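Accompanying notes for the structure given below.
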Amino acid sequence: MGMLQTMRWFGPHDPVSLMDIRQAGCTGVVTALHQIPVGNVWTIAEIEKRKQLIEADNERYVPLHWAVVESLPVHEDIKKGRPTRDQYIENYRQSLRNLAACGITTVCYNFMPVLDWSRTNLSYEMPDGSLALRFVWEDFAVFDLCILKRPGAEADYEPAVIEAARSKFSQMTPERITELSNIILLGLPGSEEAFTLSTFQGLLDEYATINDRTLRDNLYYFIRAVAPVAESVGINLCIHPDDPPRPLLGLPRIVSTEADLAELMAACDITANGITFCTGSLGIRSDNDLPGIVRRFGNRIHFIHLRTTKREQSDARNFHEADHLAGDVDMYAVIKEIVREQNRRAKTGVGVTSIPMRPDHGHQMLDDLHKKTYPGYSAIGRLRGLAELRGLELGIMRALEDQIISQS
């Protein structure tokens with residue numbers, strides 16, 4: 001049995017419908033209760049309402065189920081280590097209990113301060129005419145240095161980058177300045193609310209005394225408080241890596257490398273403290289050995305995001321979302337290790353044998369070029385990615401089976 005095929009769904013207002021997800025070949029849905037304010041308890045009533053929506057047509061069509069929560073967000077007071085964090089942690093634990101009572105056992109979260117994933121272009125044209133997400137370090141510097149004008153920002157950039165950013169800014173139209181600002185301040189996936197320049201600097205200022213070590217300690221305080229509860233009710237937690245996996249806007253990023261993952265796994269050494277293995281986020285860094293991470297942390301991988309990015313030759317900090325089987329991620333080697341991990345689980349009887357997977361960040365293409373969708377989450381691009389990944393996994397599974405037969 002292969003990976004459990006899923007797609008992310010942002011709820012009733014998502015232009016990609018549950019029927020679209022079903023027809024893509026998925027049986028699992030990845031979603032969250034975005035309408036509930038961060039830090040509030042997810043009640044059983046609200047969880048059941050979303051479950052019923054997902055399962056409404058199951059008697060007539062191929063059944064869908066709510067496979068993964070992405071995400072149950074962590075309140076900023078927990079990340080900052082404020083005195084109020086214990087109440088928000090208790091709310092988080094109660095949400096986990098309620099999810100478990102409703103039969104949902106995989107919960108993804110992240111610990112990125114202020115911003116979730118960041119890009120500077122949401123419609124980068126690929127050679128085939130489709131549109132991709134892109135990150136350009138120099139453009140991010142334009143926003144930081146010349147639009148936001150963050151105090152002390154110059155210390156985070158080389159002189160050549162500062163000069164190029166200021167030169168580029170001087171030639172930008174007001175429309176392009178607004179566009180770049182809106183992209184970076186987009187907010188969390190699934191949210192209709194973006195940050196504003198007038199409030200954003202204040203949010204950054206609240207992290208002025210929180211360095212890398214402090215943020216790590218706050219993460220470990222959180223996971224030690226919630227993972228045992230998750231384990232007791234049968235839930236696996238899985239942290240999503242930083243995206244991009246490097247500090248931004250003076251904010252530390254602490255889930256960017258294999259060493260970061262190892263430190264977190266050791267901080268609370270139980271299986272419920274696990275990983276969302278995102279090949280796109282981790283693959284941005286050339287020093288992350290993705291197949292090796294699966295080999296070394298396979299039993300702690302509870303959820304998988306499969307996509308690949310392409311580092312650009314002009315500056316390795318620049319990248320764009322490539323086709324799922326192209327880019328810098330050796331997807332064959334990664335999926336081969338995932339298949340081996342699933343085979344190990346099936347043989348030992350320990351762990352979920354079909355790990356939930358979703359194709360991440362598809363290109364906008366074909367009819368979706370004329371629709372408004374969440375950036376990276378149009379239907380057809382993800383459908384193409386899922387089809388390619390499904391075929392690759394099947395080929396690897398058959399090859400490994402044939403190898404076992406030939407050796408017997």
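Chains: A, B, ... in order of the structure tokens. Residues: from 1 per chain. Ligands: from 1, in order shown.
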Fewer than 3 positions away in the same chain doesn't count, so skip those; otherwise give me all residues within 6 Å of Lys310 in chain A, counting only C-alpha atoms, as a PyMOL selection string.
chain A and resi 319-320+322+327-328
Range 388-390 of chain A environment, 8 Å, only C-alpha atoms, sequence neighbours closer than 4 positions dropped, as a list in words:
His324, Leu325, Pro359, Arg384 and Leu394 of chain A
Just the selected residues (N, CA, C and O atoms), exported as an mmCIF file, in the first residue's frame, please.
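To be explicit, this is the file written out as selection39.cif:
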```cif
data_model
loop_
_atom_site.group_PDB
_atom_site.id
_atom_site.type_symbol
_atom_site.label_atom_id
_atom_site.label_comp_id
_atom_site.auth_asym_id
_atom_site.auth_seq_id
_atom_site.Cartn_x
_atom_site.Cartn_y
_atom_site.Cartn_z
ATOM 1 N N HIS A 324 7.139 19.014 -10.298
ATOM 2 C CA HIS A 324 7.321 18.125 -9.150
ATOM 3 C C HIS A 324 8.459 17.119 -9.333
ATOM 4 O O HIS A 324 9.070 16.702 -8.350
ATOM 5 N N LEU A 325 8.754 16.736 -10.561
ATOM 6 C CA LEU A 325 9.834 15.780 -10.785
ATOM 7 C C LEU A 325 11.087 16.449 -11.340
ATOM 8 O O LEU A 325 12.008 15.766 -11.798
ATOM 9 N N PRO A 359 0.512 16.594 -2.778
ATOM 10 C CA PRO A 359 1.351 17.335 -3.721
ATOM 11 C C PRO A 359 1.265 18.806 -3.365
ATOM 12 O O PRO A 359 0.168 19.348 -3.237
ATOM 13 N N ARG A 384 -1.562 17.621 -11.808
ATOM 14 C CA ARG A 384 -0.417 17.160 -12.600
ATOM 15 C C ARG A 384 0.671 16.608 -11.683
ATOM 16 O O ARG A 384 1.221 15.535 -11.926
ATOM 17 N N LEU A 394 4.448 4.219 -7.705
ATOM 18 C CA LEU A 394 4.048 2.890 -8.160
ATOM 19 C C LEU A 394 5.226 2.172 -8.814
ATOM 20 O O LEU A 394 5.457 0.975 -8.570
#
```
Per-residue DSSP, range 61-144 of chain A, filtered to strand (DSSP E or B), as a list in words:
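Matching residues, listed in order: His65, Trp66, Ala67, Val68, Val69, Glu70, Thr106, Val107, Cys108, Tyr109, Asn121, Leu122, Ser123, Tyr124, Glu125, Leu131, Ala132, Leu133, Arg134 and Phe135 of chain A.
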Determine, counting only C-alpha atoms, which protein, DNA and RNA residues have an atom within 8 Å of an atom of Tyr88 in chain A; residues of the same chain fewer than 5 positions away are not included. Present the result as a list of chain:residue names.
A:Gly39, A:Asn40, A:His75, A:Asp77, A:Ile78
Distance query Thr353 in chain A at most 8 Å, only C-alpha atoms, self and fewer than 3 positions along chain excluded, as a list in words:
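Listing them by chain and then by number gives Met1, Met3, Gln342, Asn343, Arg345 and Ala346 of chain A.
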Cut-off 7 Å: closest range 217-275 of chain A/range 108-124 of chain A atom pairs per residue, using only C-alpha atoms, as CSV:
```
residue,atom,partner,partner_atom,distance
A:Leu237,CA,A:Cys108,CA,5.9
A:Cys238,CA,A:Cys108,CA,4.8
A:Ile239,CA,A:Tyr109,CA,5.1
A:His240,CA,A:Asn110,CA,5.0
A:Pro241,CA,A:Asn110,CA,7.0
A:Asp242,CA,A:Met112,CA,6.3
A:Asp243,CA,A:Trp117,CA,4.8
A:Pro244,CA,A:Trp117,CA,6.6
A:Leu251,CA,A:Pro113,CA,6.9
A:Arg253,CA,A:Met112,CA,6.6
```
List as a tab-separated table (two decimals) with C-alpha atoms, in the first residue's frame the protein and nucleic acid residues near Gly2 in chain A, meaning an atom at most 8 Å away when only C-alpha atoms are counted, but skip any in the same chain fewer than 3 places from it.
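The file below, out-v4.tsv, is the result:
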```tsv
chain	number	residue	atom	x	y	z
A	339	VAL	CA	8.43	3.38	0.33
A	342	GLN	CA	6.34	2.24	4.84
A	354	SER	CA	0.22	4.66	4.48
A	355	ILE	CA	1.73	8.03	5.39
A	393	GLU	CA	5.75	5.77	-6.35
A	394	LEU	CA	4.05	2.89	-8.16
A	397	MET	CA	7.06	-0.10	-5.33
```
Ile223 in chain A environment, 8 Å, only C-alpha atoms, sequence neighbours closer than 3 positions dropped, as a PyMOL selection string
chain A and resi 219-220+226-227+268+273
Selection to disk with all heavy atoms, as a short mmCIF file (atom, residue, chain, number, x, y, z; two decimals), in the first residue's frame:
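Resulting contents of part-v9.cif:
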```cif
data_model
loop_
_atom_site.label_atom_id
_atom_site.label_comp_id
_atom_site.auth_asym_id
_atom_site.auth_seq_id
_atom_site.Cartn_x
_atom_site.Cartn_y
_atom_site.Cartn_z
N LEU A 219 9.89 26.74 21.80
CA LEU A 219 9.35 25.61 21.05
C LEU A 219 9.40 24.33 21.88
O LEU A 219 8.42 23.57 21.94
CB LEU A 219 10.13 25.41 19.74
CG LEU A 219 9.85 24.12 18.95
CD1 LEU A 219 8.37 23.99 18.60
CD2 LEU A 219 10.71 24.08 17.69
N TYR A 220 10.52 24.09 22.55
CA TYR A 220 10.66 22.86 23.32
C TYR A 220 9.74 22.87 24.54
O TYR A 220 9.20 21.83 24.93
CB TYR A 220 12.12 22.66 23.74
CG TYR A 220 13.09 22.66 22.56
CD1 TYR A 220 14.44 22.98 22.74
CD2 TYR A 220 12.65 22.38 21.27
CE1 TYR A 220 15.31 23.01 21.66
CE2 TYR A 220 13.52 22.41 20.19
CZ TYR A 220 14.84 22.72 20.39
OH TYR A 220 15.71 22.75 19.32
N VAL A 226 2.62 19.61 25.04
CA VAL A 226 1.50 19.12 24.24
C VAL A 226 1.71 17.71 23.69
O VAL A 226 0.73 16.97 23.51
CB VAL A 226 1.17 20.09 23.07
CG1 VAL A 226 0.78 21.45 23.60
CG2 VAL A 226 2.32 20.19 22.09
N ALA A 227 2.95 17.31 23.40
CA ALA A 227 3.17 16.00 22.78
C ALA A 227 2.72 14.84 23.66
O ALA A 227 2.11 13.88 23.15
CB ALA A 227 4.62 15.84 22.36
N CYS A 268 11.92 16.17 23.04
CA CYS A 268 10.77 15.41 23.56
C CYS A 268 10.75 14.11 22.78
O CYS A 268 10.14 14.02 21.71
CB CYS A 268 9.47 16.20 23.37
SG CYS A 268 8.01 15.37 24.03
N ASN A 273 5.87 13.41 18.86
CA ASN A 273 6.60 14.62 18.47
C ASN A 273 7.28 14.32 17.15
O ASN A 273 8.37 13.75 17.10
CB ASN A 273 7.64 14.98 19.54
CG ASN A 273 8.54 16.14 19.11
OD1 ASN A 273 8.15 16.98 18.31
ND2 ASN A 273 9.76 16.16 19.64
#
```
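Shortest separation to Trp137 in chain A among A:Asp323, A:Asp212, A:Glu158, A:Asp315 occurs at residue A:Asp315, atoms counted being only C-alpha atoms.
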Interatomic distance, CA of Val29 in chain A to CA of Gly292 in chain A (Å, one decimal):
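Separation of CA of Val29 in chain A and CA of Gly292 in chain A: 28.1 Å.
Here CA of Val16 in chain A is placed at a distance of 15.0 Å from CA of Ala32 in chain A.
For the pair CA of Gly385 in chain A and CA of Leu180 in chain A, the interatomic distance is 27.5 Å.
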Could you build a table of the residues in range 192-306 of chain A lying no more than 8 Å from range 104-107 of chain A, giving for each the nearest pair of atoms and their separation in Å rounded to one decimal place, using only C-alpha atoms, ordered by chain and ascending residue number, as CSV?
```
residue,atom,partner,partner_atom,distance
A:Gly234,CA,A:Thr105,CA,6.3
A:Ile235,CA,A:Thr105,CA,4.3
A:Asn236,CA,A:Thr106,CA,5.0
A:Leu237,CA,A:Val107,CA,4.9
A:Cys238,CA,A:Val107,CA,6.2
A:His302,CA,A:Thr106,CA,7.1
A:Phe303,CA,A:Thr106,CA,7.7
```
Considering only C-alpha atoms, return as JSON, numbers by chain whatever protein or nucleic-acid residues lie within 8 Å of Leu99 in chain A, sequence-local ones (same chain, fewer than 6 positions apart) excluded.
{"A": [42, 44, 47, 105]}
Assign secondary structure with DSSP using the backbone only, and return the residues of range 147-376 of chain A in alpha helix (DSSP H) as a VMD selection string.
chain A and resid 159 to 170 174 to 184 197 to 205 212 to 233 258 to 267 279 to 283 290 to 297 331 to 348
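Proximity to Ile162 in chain A was assessed for A:Lys149, A:Glu48, A:Arg97, A:Ala141 counting only C-alpha atoms; the smallest distance is recorded for A:Ala141.
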